[in-house]
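Asker: Quick one, data.cif (mmCIF, C-alpha atoms and all ligand atoms):
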```
data_upload
loop_
_atom_site.label_atom_id
_atom_site.label_comp_id
_atom_site.auth_asym_id
_atom_site.auth_seq_id
_atom_site.Cartn_x
_atom_site.Cartn_y
_atom_site.Cartn_z
CA MET A 754 -58.59 -7.71 -0.92
CA ARG A 755 -57.18 -6.16 2.23
CA ASP A 756 -54.83 -3.24 2.04
CA ALA A 757 -51.18 -4.15 1.90
CA VAL A 758 -48.65 -1.82 3.51
CA TYR A 759 -45.61 -0.46 1.69
CA ASP A 760 -42.95 1.43 3.60
CA GLY A 761 -40.56 3.91 2.11
CA ALA A 762 -37.94 6.38 3.22
CA CYS A 763 -35.28 8.72 1.95
CA HIS A 764 -31.70 7.45 1.80
CA CYS A 765 -30.75 8.63 5.32
CA LYS A 766 -34.20 7.63 6.72
CA ALA A 767 -34.94 11.07 8.15
CA LEU A 768 -38.18 11.09 6.16
CA ALA A 769 -40.47 8.12 5.72
CA PHE A 770 -43.85 7.14 4.38
CA ARG A 771 -46.32 4.32 4.80
CA TYR A 772 -48.55 3.63 1.82
CA SER A 773 -51.54 1.29 2.11
CA THR A 774 -53.44 0.03 -0.90
CA ALA A 775 -55.59 -2.92 -1.88
CA ILE A 776 -54.25 -2.76 -5.43
CA SER A 777 -51.54 -5.31 -6.10
CA PRO A 778 -48.31 -3.80 -7.44
CA SER A 779 -48.87 -5.20 -10.92
CA GLY A 780 -51.98 -3.01 -11.13
CA TRP A 781 -50.44 0.18 -9.80
CA SER A 782 -50.52 3.31 -11.90
CA VAL A 783 -46.82 4.22 -11.99
CA ARG A 784 -46.29 7.56 -13.68
CA ALA A 785 -43.13 9.19 -14.91
CA CYS A 786 -44.23 12.81 -14.92
CA GLN A 787 -42.37 14.60 -17.69
CA CYS A 788 -41.99 17.93 -15.91
CA ARG A 789 -38.41 19.04 -15.41
CA PHE A 790 -38.40 18.47 -11.65
CA CYS A 791 -39.58 14.86 -11.95
CA ARG A 792 -37.23 14.12 -14.84
CA MET A 793 -34.27 15.50 -12.89
CA HIS A 794 -35.16 13.22 -9.95
CA ASP A 795 -36.18 10.31 -12.18
CA ALA A 796 -39.33 10.28 -10.08
CA HIS A 797 -41.89 7.51 -10.49
CA SER A 798 -45.16 8.43 -8.82
CA THR A 799 -48.04 6.29 -7.66
CA SER A 800 -51.23 6.80 -5.66
CA ASP A 801 -54.57 5.17 -4.89
CA ALA A 802 -57.66 7.26 -4.16
CA ASN A 803 -58.97 4.36 -2.04
CA GLY A 804 -55.73 3.83 -0.16
CA THR A 805 -54.12 5.74 2.68
CA LEU A 806 -50.79 7.47 2.97
CA GLN A 807 -48.82 8.77 5.90
CA PHE A 808 -45.60 10.78 5.76
CA THR A 809 -43.38 10.95 8.83
CA ALA A 810 -40.47 13.29 9.42
CA HIS A 811 -38.32 11.39 11.92
CA GLN A 812 -36.02 14.39 11.78
CA PRO A 813 -38.28 17.40 11.20
CA ALA A 814 -35.32 19.68 10.44
CA ALA A 815 -34.53 17.50 7.42
CA LEU A 816 -37.86 18.16 5.74
CA GLN A 817 -37.68 20.52 2.79
CA ARG A 818 -40.90 21.48 1.04
CA TYR A 819 -40.54 22.67 -2.52
CA ARG A 820 -43.15 24.35 -4.70
CA PHE A 821 -42.75 25.23 -8.33
CA ALA A 822 -44.74 26.00 -11.48
CA LEU A 823 -48.42 26.26 -10.42
CA LYS A 824 -47.39 25.93 -6.74
CA THR A 825 -50.34 23.73 -5.82
CA ALA A 826 -48.41 20.96 -4.06
CA ASP A 827 -45.50 20.57 -1.67
CA PHE A 828 -42.79 18.27 -3.00
CA LEU A 829 -41.03 16.68 -0.04
CA LEU A 830 -37.26 16.47 -0.16
CA CYS A 831 -34.66 15.49 2.41
CA ARG A 832 -32.20 18.25 3.24
CA GLN A 833 -29.62 15.70 4.35
CA CYS A 834 -29.55 13.15 1.56
CA GLY A 835 -31.38 15.02 -1.20
CA VAL A 836 -33.96 12.33 -1.93
CA TYR A 837 -37.43 13.24 -3.19
CA ILE A 838 -39.94 10.94 -1.43
CA GLY A 839 -43.34 12.25 -2.51
CA ALA A 840 -45.70 15.20 -2.66
CA VAL A 841 -48.74 16.46 -0.77
CA ILE A 842 -51.59 18.78 -1.58
CA ASP A 843 -53.95 20.45 0.87
CA ASP A 844 -57.10 21.70 -0.83
CA GLY A 845 -58.54 23.15 2.37
CA GLU A 846 -60.90 20.21 2.93
CA GLY A 847 -58.56 17.28 2.64
CA ARG A 848 -54.96 16.31 2.12
CA PHE A 849 -53.73 13.96 -0.57
CA GLY A 850 -50.36 12.64 -1.61
CA ILE A 851 -48.24 10.59 -3.96
CA ILE A 852 -45.14 8.56 -3.30
CA ASN A 853 -41.98 8.23 -5.32
CA THR A 854 -41.79 4.47 -5.88
CA HIS A 855 -37.98 4.75 -6.05
CA ALA A 856 -38.10 5.52 -2.30
CA LEU A 857 -39.87 2.23 -1.41
CA LYS A 858 -37.82 0.11 1.00
CA ASN A 859 -38.62 -2.99 -0.99
CA THR A 860 -39.63 -2.48 -4.56
CA PRO A 861 -42.29 -5.10 -5.39
CA THR A 862 -40.91 -7.48 -7.99
CA ASP A 863 -44.16 -7.35 -9.93
CA ILE A 864 -44.57 -3.56 -9.89
CA ALA A 865 -46.39 -2.23 -12.96
CA GLN A 866 -44.41 -0.76 -15.79
CA VAL A 867 -43.90 2.99 -15.60
CA ARG A 868 -45.62 5.15 -18.17
CA PRO A 869 -44.54 8.65 -19.16
CA ILE A 870 -47.18 11.32 -18.69
CA SER A 871 -47.36 15.08 -19.15
CA TYR A 872 -49.62 17.43 -17.23
CA ASP A 873 -48.44 20.59 -18.97
CA ASP A 874 -51.88 21.49 -20.31
CA GLU A 875 -53.55 21.65 -16.90
CA ASN A 876 -54.50 24.92 -15.26
CA VAL A 877 -54.62 25.32 -11.48
CA ARG A 878 -58.23 24.15 -11.17
CA ALA A 879 -57.72 21.06 -13.34
CA ARG A 880 -54.55 20.17 -11.48
CA ILE A 881 -56.13 20.35 -8.02
CA SER A 882 -59.20 18.48 -9.24
CA ARG A 883 -57.13 15.62 -10.70
CA ARG A 884 -55.12 15.28 -7.52
CA GLN A 885 -58.29 15.20 -5.38
CA ARG A 886 -59.56 12.34 -7.54
CA LYS A 887 -56.35 10.37 -8.06
CA TRP A 888 -54.03 11.03 -5.14
CA THR A 889 -54.03 9.05 -1.92
CA PRO A 890 -55.84 10.52 1.11
CA LEU A 891 -53.39 11.32 3.88
CA THR A 892 -53.90 10.03 7.38
CA VAL A 893 -52.36 11.79 10.38
CA THR A 894 -49.08 12.94 9.08
CA SER A 895 -46.14 15.05 10.17
CA CYS A 896 -45.19 16.33 6.75
ZN ZN B 901 -32.63 11.74 3.87
#
```
Could you write out this file's structure as structure tokens?
Ligand SMILES: [Zn+2]

Answerer:
Amino acid sequence: MRDAVYDGACHCKALAFRYSTAISPSGWSVRACQCRFCRMHDAHSTSDANGTLQFTAHQPAALQRYRFALKTADFLLCRQCGVYIGAVIDDGEGRFGIINTHALKNTPTDIAQVRPISYDDENVRARISRRQRKWTPLTVTSC
């Protein structure tokens, strides 16, 4: 199957992403991370190690990066509208990301059911390793 393209943006559209995956939405891994940040944002995350992801800051001044806990990833928030659109990690060799499915412009009607998940037991090495395996490789990106 060819990759399908899914566009997303924050509420004021200062920040956007384009997610490409060959997995149909019913087969997506949609994760409700149980950390406090993700619960406060009601974030639903998805990624595809065989897909591609591009973040674009149409208004670069609106981009807020936020790091917390193990500080291995940048969580991307809009300074204007407050929306959390996704996160990126740079391991020195490659960059990978996830999207917040709540920021998709059109939520697929057949999107897979969300499942709660906790990563509390991971150390820094395990966390980076999981993201390298599971997160979506970033293409040229401005975030
Ligand atoms: Zn915004």

Asker: Enumerate residues in contact with ligand ZN 901 (chain B): an atom-to-atom distance of at most 7 Å, counting all atoms listed in the file. Format the result as a list in words.

Answerer: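 Going residue by residue within 7 Å of ligand ZN 901 (chain B), we get Cys763, His764, Cys765, Lys766, Ala767, Leu768, Cys831, Arg832, Gln833, Cys834, Gly835 and Val836 of chain A.
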
Asker: State, in Å with one decimal place, the distance from CA of Leu816 (chain A) to CA of Gly845 (chain A).

Answerer: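 Straight-line distance from CA of Leu816 (chain A) to CA of Gly845 (chain A) works out to 21.5 Å.
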
Asker: Find the residues around Ser773 (chain A) up to 7 Å (only C-alpha atoms counted), leave out those fewer than 2 positions away in its own chain, and share them as a ChimeraX atom specification.

Answerer: /A:756-759,771,804-806

Asker: For Lys887 (chain A), which residue among A:Leu823, A:Cys786, A:Ile851, A:Ala810 is the nearest when counting all atoms listed in the file?

Answerer: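 Once distances to Lys887 (chain A) are computed over all atoms listed in the file, the minimum belongs to A:Ile851.
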
Asker: Between A:Ile838, A:Ala879, A:Ala822, A:Ile852, which residue has the minimum interatomic distance to Asp801 (chain A), considering only C-alpha atoms?

Answerer: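 Comparing A:Ile838, A:Ala879, A:Ala822, A:Ile852 against Asp801 (chain A), the winner is A:Ile852.
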
Asker: Give me, please, the distance in Å between CA of Val841 (chain A) and CA of Thr809 (chain A), quoted to one decimal.

Answerer: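 Distance between the two atoms: 12.3 Å.
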